[in-house]
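Note: the block below is upload-v4.txt and it holds compact mmCIF, C-alpha atoms.
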```txt
# COMPACT_ATOMS: atom_id res chain seq x y z
CA MET F 1 -14.13 12.91 123.28
CA GLU F 2 -17.32 11.15 122.25
CA HIS F 3 -18.97 12.30 119.02
CA SER F 4 -22.15 13.28 120.83
CA LYS F 5 -20.20 15.65 123.03
CA ILE F 6 -18.26 17.46 120.29
CA PRO F 7 -19.63 21.01 120.13
CA PRO F 8 -20.10 22.75 116.73
CA ILE F 9 -17.06 24.97 117.20
CA THR F 10 -17.24 27.65 114.50
CA THR F 11 -19.48 30.36 113.08
CA ILE F 12 -21.24 29.75 109.77
CA ILE F 13 -23.98 31.72 108.03
CA ALA F 14 -25.74 31.86 104.66
CA VAL F 15 -28.36 34.28 103.31
CA GLU F 16 -30.48 34.46 100.17
CA PHE F 17 -30.83 37.53 97.96
CA ASP F 18 -32.61 38.16 94.68
CA GLY F 19 -30.40 36.31 92.23
CA GLY F 20 -28.23 34.19 94.49
CA VAL F 21 -26.82 33.54 97.94
CA VAL F 22 -23.94 34.63 100.13
CA ILE F 23 -22.34 32.03 102.40
CA GLY F 24 -19.63 32.73 104.96
CA SER F 25 -17.61 31.33 107.85
CA ASP F 26 -14.76 32.03 110.21
CA SER F 27 -11.59 29.93 109.88
CA CYS F 28 -10.62 28.51 113.29
CA VAL F 29 -10.40 24.75 113.89
CA SER F 30 -10.08 23.48 117.46
CA ALA F 31 -8.75 20.27 118.98
CA GLY F 32 -10.06 20.18 122.53
CA GLN F 33 -9.12 23.51 124.07
CA SER F 34 -6.41 24.27 121.50
CA ILE F 35 -6.67 26.03 118.13
CA CYS F 36 -4.94 23.75 115.62
CA ASN F 37 -5.69 25.70 112.43
CA ARG F 38 -6.56 29.39 112.18
CA VAL F 39 -7.08 29.63 108.41
CA MET F 40 -9.19 26.63 107.34
CA ASN F 41 -11.73 27.38 104.62
CA LYS F 42 -14.98 25.90 105.95
CA LEU F 43 -16.88 26.63 102.72
CA SER F 44 -16.75 23.38 100.78
CA PRO F 45 -17.99 23.03 97.17
CA LEU F 46 -20.61 20.35 96.54
CA HIS F 47 -21.03 21.27 92.87
CA GLU F 48 -20.31 24.20 90.56
CA ARG F 49 -22.99 26.47 92.08
CA ILE F 50 -23.67 24.65 95.35
CA TYR F 51 -21.59 25.07 98.52
CA CYS F 52 -21.89 24.03 102.13
CA ALA F 53 -20.60 25.62 105.33
CA LEU F 54 -19.07 23.16 107.80
CA SER F 55 -19.38 23.01 111.59
CA GLY F 56 -18.96 20.35 114.25
CA SER F 57 -16.17 17.79 113.90
CA ALA F 58 -14.04 19.03 111.00
CA ALA F 59 -13.28 15.48 109.83
CA ASP F 60 -16.94 14.40 109.98
CA ALA F 61 -18.24 17.52 108.24
CA GLN F 62 -15.62 17.31 105.47
CA ALA F 63 -16.34 13.61 104.98
CA ILE F 64 -20.04 14.37 104.42
CA ALA F 65 -19.16 17.16 101.98
CA ASP F 66 -16.79 14.88 100.02
CA ILE F 67 -19.38 12.08 99.80
CA VAL F 68 -22.11 14.46 98.60
CA ASN F 69 -19.73 16.06 96.10
CA TYR F 70 -19.05 12.61 94.62
CA GLN F 71 -22.73 11.67 94.55
CA LEU F 72 -23.71 14.96 92.89
CA GLU F 73 -21.11 14.43 90.15
CA LEU F 74 -22.70 11.06 89.33
CA HIS F 75 -26.20 12.55 89.61
CA SER F 76 -25.38 15.37 87.19
CA VAL F 77 -24.04 12.84 84.66
CA GLU F 78 -27.24 10.78 84.95
CA ILE F 79 -29.59 13.73 84.43
CA GLU F 80 -27.23 15.47 81.98
CA ASP F 81 -27.76 18.75 83.77
CA ALA F 82 -26.63 20.64 86.86
CA PRO F 83 -28.18 19.27 90.08
CA LEU F 84 -30.73 21.19 92.14
CA VAL F 85 -29.71 22.77 95.43
CA GLN F 86 -32.50 20.90 97.20
CA ALA F 87 -31.13 17.60 95.87
CA ALA F 88 -27.74 18.40 97.40
CA ALA F 89 -29.32 19.42 100.70
CA THR F 90 -31.38 16.22 100.74
CA MET F 91 -28.22 14.12 100.31
CA VAL F 92 -26.59 15.96 103.22
CA LYS F 93 -29.74 15.47 105.31
CA ASN F 94 -29.90 11.75 104.57
CA ILE F 95 -26.29 11.12 105.54
CA SER F 96 -26.55 13.31 108.65
CA TYR F 97 -29.64 11.43 109.86
CA LYS F 98 -28.45 7.92 108.93
CA TYR F 99 -25.18 8.38 110.81
CA LYS F 100 -26.38 10.74 113.54
CA GLU F 101 -24.92 8.49 116.26
CA GLU F 102 -21.52 8.20 114.55
CA LEU F 103 -21.01 11.68 113.09
CA SER F 104 -21.03 15.10 114.70
CA ALA F 105 -21.56 17.71 112.00
CA HIS F 106 -23.93 20.49 110.98
CA LEU F 107 -23.85 21.68 107.38
CA ILE F 108 -25.65 24.66 105.88
CA VAL F 109 -26.22 24.09 102.16
CA ALA F 110 -26.58 27.09 99.85
CA GLY F 111 -26.50 27.61 96.12
CA TRP F 112 -28.24 28.60 92.90
CA ASP F 113 -30.13 26.47 90.38
CA ARG F 114 -32.30 27.11 87.33
CA LYS F 115 -35.53 26.10 89.11
CA LEU F 116 -35.62 28.05 92.39
CA LYS F 117 -32.62 30.39 91.97
CA GLY F 118 -30.80 31.19 95.26
CA GLN F 119 -31.59 28.88 98.19
CA VAL F 120 -30.36 28.24 101.74
CA TYR F 121 -31.07 24.99 103.60
CA ALA F 122 -30.39 24.03 107.23
CA THR F 123 -29.72 20.31 107.79
CA LEU F 124 -29.07 20.08 111.55
CA GLY F 125 -29.84 16.63 113.00
CA GLY F 126 -31.14 15.28 109.71
CA MET F 127 -33.82 17.92 109.22
CA LEU F 128 -34.24 19.83 105.96
CA VAL F 129 -35.59 23.39 106.17
CA ARG F 130 -35.27 26.15 103.61
CA GLN F 131 -34.74 29.54 105.25
CA PRO F 132 -34.06 33.08 104.00
CA PHE F 133 -30.92 32.93 106.15
CA SER F 134 -29.39 30.35 108.47
CA ILE F 135 -26.65 30.44 111.10
CA GLY F 136 -24.80 27.70 112.95
CA GLY F 137 -21.84 26.82 115.13
CA SER F 138 -20.80 27.88 118.61
CA GLY F 139 -20.60 31.54 117.60
CA SER F 140 -24.21 31.60 116.44
CA VAL F 141 -25.59 31.83 119.99
CA TYR F 142 -24.03 35.30 120.30
CA ILE F 143 -25.58 36.75 117.13
CA TYR F 144 -29.21 35.58 117.07
CA GLY F 145 -30.33 39.02 118.22
CA TYR F 146 -28.24 40.79 115.59
CA VAL F 147 -29.35 38.65 112.62
CA ASP F 148 -33.02 38.75 113.63
CA ALA F 149 -32.88 42.54 113.88
CA ALA F 150 -30.60 43.31 110.93
CA TYR F 151 -31.99 40.94 108.31
CA GLN F 152 -34.34 42.60 105.84
CA SER F 153 -36.12 40.88 102.99
CA GLY F 154 -34.94 42.09 99.60
CA MET F 155 -31.36 42.96 100.54
CA SER F 156 -28.91 43.35 97.67
CA ASN F 157 -25.77 41.29 97.10
CA ASP F 158 -23.56 43.95 98.71
CA GLU F 159 -25.91 44.31 101.69
CA CYS F 160 -25.87 40.54 102.20
CA LEU F 161 -22.08 40.52 102.09
CA GLN F 162 -22.01 43.23 104.79
CA PHE F 163 -24.69 41.41 106.80
CA VAL F 164 -22.69 38.17 106.80
CA THR F 165 -19.39 39.91 107.53
CA ASN F 166 -20.84 41.85 110.48
CA ALA F 167 -22.47 38.73 111.91
CA ILE F 168 -19.24 36.74 111.82
CA ALA F 169 -17.22 39.68 113.19
CA LEU F 170 -19.63 39.97 116.13
CA ALA F 171 -19.37 36.23 116.79
CA ILE F 172 -15.57 36.32 116.65
CA GLY F 173 -15.58 39.13 119.20
CA ARG F 174 -17.51 37.01 121.73
CA ASP F 175 -16.86 33.35 120.93
CA GLY F 176 -13.47 32.02 121.97
CA SER F 177 -13.73 29.18 119.46
CA SER F 178 -14.33 31.43 116.44
CA GLY F 179 -11.67 33.60 114.85
CA GLY F 180 -9.04 33.89 112.15
CA VAL F 181 -10.25 35.28 108.84
CA VAL F 182 -13.70 35.49 107.25
CA TYR F 183 -14.34 33.47 104.10
CA LEU F 184 -17.17 34.68 101.84
CA THR F 185 -18.60 33.10 98.70
CA THR F 186 -21.28 34.65 96.50
CA ILE F 187 -23.13 32.21 94.24
CA THR F 188 -25.25 33.42 91.31
CA GLU F 189 -26.24 32.27 87.83
CA LYS F 190 -22.93 33.65 86.57
CA GLY F 191 -20.91 31.45 88.92
CA THR F 192 -19.08 31.90 92.22
CA GLU F 193 -17.07 34.78 93.62
CA HIS F 194 -14.77 34.28 96.61
CA LYS F 195 -13.49 36.81 99.10
CA VAL F 196 -11.30 36.65 102.20
CA ILE F 197 -11.35 39.33 104.90
CA LEU F 198 -8.38 39.28 107.27
CA GLY F 199 -8.96 39.52 110.99
CA ASN F 200 -7.36 42.95 111.26
CA GLU F 201 -9.69 44.24 108.53
CA LEU F 202 -12.87 43.31 110.41
CA HIS F 203 -14.82 46.03 112.17
CA GLN F 204 -14.28 45.91 115.93
CA PHE F 205 -17.74 46.41 117.39
CA THR F 206 -17.95 48.40 120.61
CA MET F 207 -20.76 48.78 123.14
CA SER F 208 -21.49 52.17 121.58
CA ASP F 209 -21.93 50.52 118.16
CA CYS F 210 -24.38 48.02 119.63
CA MET F 211 -26.39 50.76 121.37
CA CYS F 212 -26.53 52.83 118.18
CA PHE F 213 -27.67 49.86 116.13
CA HIS F 214 -30.28 48.99 118.75
CA PHE F 215 -31.61 52.58 118.49
CA ALA F 216 -31.73 52.36 114.69
CA ILE F 217 -33.62 49.07 114.74
CA ASN F 218 -36.18 50.41 117.26
CA TRP F 219 -36.65 53.56 115.20
CA PHE F 220 -37.09 51.47 112.04
CA HIS F 221 -39.89 49.45 113.65
CA THR F 222 -41.72 52.45 115.13
CA GLU F 223 -41.04 55.58 113.07
CA SER F 224 -40.44 55.32 109.35
CA PRO F 225 -40.13 51.98 107.51
CA VAL F 226 -37.31 51.72 104.98
CA SER F 227 -36.63 49.06 102.43
CA SER F 228 -33.08 47.93 103.15
CA LEU F 229 -30.34 47.66 105.74
CA SER F 230 -28.28 50.42 104.09
CA ALA F 231 -31.31 52.72 104.02
CA LEU F 232 -31.93 51.88 107.67
CA MET F 233 -28.43 52.93 108.68
CA GLN F 234 -28.59 56.08 106.52
CA ALA F 235 -31.91 56.96 108.19
CA TRP F 236 -30.36 56.54 111.62
CA ASN F 237 -27.34 58.69 110.67
CA HIS F 238 -29.66 61.54 109.75
CA HIS F 239 -32.08 61.11 112.66
```
Just give me the structure as structure tokens.
Amino acid sequence: MEHSKIPPITTIIAVEFDGGVVIGSDSCVSAGQSICNRVMNKLSPLHERIYCALSGSAADAQAIADIVNYQLELHSVEIEDAPLVQAAATMVKNISYKYKEELSAHLIVAGWDRKLKGQVYATLGGMLVRQPFSIGGSGSVYIYGYVDAAYQSGMSNDECLQFVTNAIALAIGRDGSSGGVVYLTTITEKGTEHKVILGNELHQFTMSDCMCFHFAINWFHTESPVSSLSALMQAWNHH
């Protein structure tokens, strides 16, 4: 299969919160129409408090992550300090654009630094855009509506973890190329915290769940504004 025709088979997502970021992914790796690995961790460290989520060709994406990891180690020695998240994202962007005809990969870069705290950057096709949250991979097309509706500015760490988990669970339920377990990494000034949610522990969303959530979102936008996703769901439960 030509590189240009390799789809970004996966579901990856990252979201900022006050004090850090949460980054997550599913764990399936495909070879053509076959699943060759159901438990690959697609969250690759670029530095101590900087991670990237991998999609596209697994070999290409991991190669970019390894190169940037090496370059950031040298960069941190030169400046005698931890590198900035934007510096890491810029390195990913430069490699992705320079080798756009040879490599098929989309990396979301997320992390924490002393200057701008928690940050999320999308680097698809050699672009570099900071976003409050970013999604990617084949499963992302099924969850644009959910993330646009469910994301609320100012969510807490726990709310972001639930937001990311629900998004990936919804994608796994619809996308045949996403599945396995959910890998989650929280990055803050204190360091990183990793979590794995097994497939049988994920919430199985039904049509009724989707209808109820749709009602809650509509009510939120028209009736009584609330400040967070958890408050939104509590408001709906009592409506």
Fewer than 4 positions away in the same chain doesn't count, so skip those; otherwise give me all residues within 9 Å of Asn41 of chain F, counting all atoms listed in the file, as a compact mmCIF listing (two decimals) with C-alpha atoms, in the coordinates of the input.
```txt
# COMPACT_ATOMS: atom_id res chain seq x y z
CA SER F 25 -17.61 31.33 107.85
CA ASP F 26 -14.76 32.03 110.21
CA SER F 27 -11.59 29.93 109.88
CA CYS F 28 -10.62 28.51 113.29
CA VAL F 182 -13.70 35.49 107.25
CA TYR F 183 -14.34 33.47 104.10
```
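Counting from atom CA of Tyr142 of chain F, the distance to atom CA of Glu201 of chain F is 20.6 Å.
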Exercise. Please provide as a list of chain:residue names all residues within 10 Å of Cys52 of chain F, with the sequence filter that same-chain residues fewer than 4 positions apart are discarded (counting all atoms listed in the file).
Key: F:Ile12, F:Ile13, F:Ala14, F:Ile23, F:Gly24, F:Lys42, F:Leu43, F:Ser44, F:Pro45, F:Leu46, F:His47, F:Ala61, F:Gln62, F:Ala65, F:Ala88, F:Ala89, F:Val92, F:His106, F:Leu107, F:Ile108, F:Val109, F:Ala110, F:Gly111, F:Val120, F:Tyr121, F:Ala122
Self-check item: For Gly139 of chain F, the nearest of the candidates F:Thr186, F:Ser55, F:Asn37, F:Gln152, counting all atoms listed in the file
Solution: F:Ser55
Quiz item: Between F:Thr185, F:Ala58, F:Ser138, F:Val22, which is the closest to Cys36 of chain F once you count all atoms listed in the file?
Solution: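 Smallest separation from Cys36 of chain F among the options: F:Ala58.
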Exercise. Determine, counting all atoms listed in the file, which protein, DNA and RNA residues have an atom within 10 Å of an atom of Tyr99 of chain F; residues of the same chain fewer than 5 positions away are not included. Present the result as JSON, numbers by chain.
Key: {"F": [94, 104, 125, 126]}
Quiz item: Which residue, F:Val39, F:Leu72, F:Ile67, F:Ile197, has the smallest gap to Ile168 of chain F when you use all atoms listed in the file?
Solution: F:Ile197
Quiz item: For Thr11 of chain F, which residue out of F:Gly137, F:Ala167, F:His194, F:Asp148 is the nearest one, using all atoms listed in the file?
Solution: F:Gly137
Self-check item: Interatomic distance (Å, one decimal) between atom CA of Trp112 of chain F and atom CA of Gly20 of chain F
Solution: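 Between these atoms lies a distance of 5.8 Å.
The space between atom CA of Glu102 of chain F and atom CA of Asp175 of chain F spans 26.4 Å.
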Coordinates of box centre and edge lengths for segment 187-193 of chain F, 5 Å on every side, axis-aligned, as lines of an AutoDock Vina configuration file:
```
center_x = -21.7
center_y = 33.1
center_z = 90.4
size_x = 19.2
size_y = 13.3
size_z = 17.7
```
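In this comparison, which uses all atoms listed in the file, the residue of F:Gly154, F:Gly145, F:Gly199, F:Gly19 approaching Leu116 of chain F most closely is F:Gly19.
Candidate residues F:Gln131, F:Leu184, F:Leu84, F:Gln204 were compared for distance to Leu161 of chain F, and the nearest is F:Leu184, using all atoms listed in the file.
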Extract segment 6-104 of chain F from the coordinates I pasted, and write it as a tab-separated table (two decimals), in the first residue's frame (atoms kept: C-alpha atoms).
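Here's the written file selection12.tsv:
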```tsv
chain	number	residue	atom	x	y	z
F	6	ILE	CA	-2.55	4.58	4.38
F	7	PRO	CA	-5.47	5.80	6.49
F	8	PRO	CA	-4.88	7.07	10.06
F	9	ILE	CA	-6.29	3.93	11.65
F	10	THR	CA	-6.79	4.70	15.35
F	11	THR	CA	-8.48	7.12	17.73
F	12	ILE	CA	-6.37	9.71	19.54
F	13	ILE	CA	-7.38	12.73	21.60
F	14	ALA	CA	-5.82	15.30	23.92
F	15	VAL	CA	-7.40	18.08	26.00
F	16	GLU	CA	-6.07	20.94	28.11
F	17	PHE	CA	-7.19	21.73	31.65
F	18	ASP	CA	-6.07	24.28	34.21
F	19	GLY	CA	-2.73	22.86	35.30
F	20	GLY	CA	-2.02	20.27	32.64
F	21	VAL	CA	-3.30	18.03	29.87
F	22	VAL	CA	-4.90	14.63	29.42
F	23	ILE	CA	-3.93	12.61	26.35
F	24	GLY	CA	-5.48	9.29	25.34
F	25	SER	CA	-5.74	6.65	22.63
F	26	ASP	CA	-7.14	3.25	21.79
F	27	SER	CA	-4.69	0.37	21.29
F	28	CYS	CA	-5.45	-1.40	17.99
F	29	VAL	CA	-2.85	-1.62	15.21
F	30	SER	CA	-3.94	-2.81	11.77
F	31	ALA	CA	-2.09	-4.36	8.84
F	32	GLY	CA	-4.40	-4.02	5.86
F	33	GLN	CA	-7.74	-5.46	6.95
F	34	SER	CA	-6.25	-7.44	9.86
F	35	ILE	CA	-5.65	-6.38	13.47
F	36	CYS	CA	-2.04	-7.29	14.25
F	37	ASN	CA	-1.79	-5.82	17.76
F	38	ARG	CA	-4.67	-5.06	20.11
F	39	VAL	CA	-2.70	-3.59	23.02
F	40	MET	CA	-0.14	-1.15	21.56
F	41	ASN	CA	0.41	1.98	23.64
F	42	LYS	CA	0.13	4.83	21.12
F	43	LEU	CA	1.13	7.47	23.68
F	44	SER	CA	4.84	7.98	23.14
F	45	PRO	CA	7.04	10.14	25.43
F	46	LEU	CA	8.98	12.94	23.75
F	47	HIS	CA	10.39	14.26	27.02
F	48	GLU	CA	9.64	14.06	30.75
F	49	ARG	CA	6.45	16.15	30.54
F	50	ILE	CA	5.76	16.03	26.80
F	51	TYR	CA	3.94	13.18	25.04
F	52	CYS	CA	2.53	12.56	21.60
F	53	ALA	CA	-0.37	10.42	20.41
F	54	LEU	CA	0.35	8.40	17.27
F	55	SER	CA	-1.86	7.72	14.25
F	56	GLY	CA	-1.30	6.72	10.64
F	57	SER	CA	1.44	4.23	9.79
F	58	ALA	CA	2.62	2.87	13.15
F	59	ALA	CA	6.23	2.59	11.94
F	60	ASP	CA	6.27	6.13	10.49
F	61	ALA	CA	4.63	7.70	13.54
F	62	GLN	CA	6.96	5.91	15.97
F	63	ALA	CA	9.99	6.89	13.89
F	64	ILE	CA	9.02	10.56	14.12
F	65	ALA	CA	8.49	10.24	17.88
F	66	ASP	CA	11.89	8.56	18.36
F	67	ILE	CA	13.69	11.23	16.30
F	68	VAL	CA	12.04	14.08	18.22
F	69	ASN	CA	12.75	12.38	21.54
F	70	TYR	CA	16.45	12.24	20.61
F	71	GLN	CA	16.51	15.85	19.41
F	72	LEU	CA	14.76	17.09	22.57
F	73	GLU	CA	17.32	15.32	24.77
F	74	LEU	CA	20.12	17.21	22.99
F	75	HIS	CA	18.11	20.45	23.08
F	76	SER	CA	17.53	20.18	26.83
F	77	VAL	CA	21.26	19.65	27.40
F	78	GLU	CA	22.07	22.74	25.31
F	79	ILE	CA	19.63	25.03	27.14
F	80	GLU	CA	20.22	23.32	30.52
F	81	ASP	CA	16.49	23.23	31.13
F	82	ALA	CA	13.38	21.26	30.18
F	83	PRO	CA	12.22	21.96	26.60
F	84	LEU	CA	9.00	23.81	25.80
F	85	VAL	CA	6.00	21.90	24.48
F	86	GLN	CA	5.85	24.21	21.47
F	87	ALA	CA	9.47	23.36	20.65
F	88	ALA	CA	8.60	19.66	20.60
F	89	ALA	CA	5.52	20.28	18.46
F	90	THR	CA	7.58	22.39	16.05
F	91	MET	CA	10.08	19.54	15.62
F	92	VAL	CA	7.23	17.14	14.86
F	93	LYS	CA	5.75	19.64	12.41
F	94	ASN	CA	9.04	20.14	10.60
F	95	ILE	CA	9.65	16.43	10.12
F	96	SER	CA	6.04	15.78	9.10
F	97	TYR	CA	6.17	18.52	6.45
F	98	LYS	CA	9.68	17.76	5.15
F	99	TYR	CA	8.84	14.09	4.61
F	100	LYS	CA	5.14	14.45	3.81
F	101	GLU	CA	5.54	12.42	0.60
F	102	GLU	CA	7.45	9.60	2.31
F	103	LEU	CA	5.73	9.35	5.70
F	104	SER	CA	2.09	8.81	6.63
```
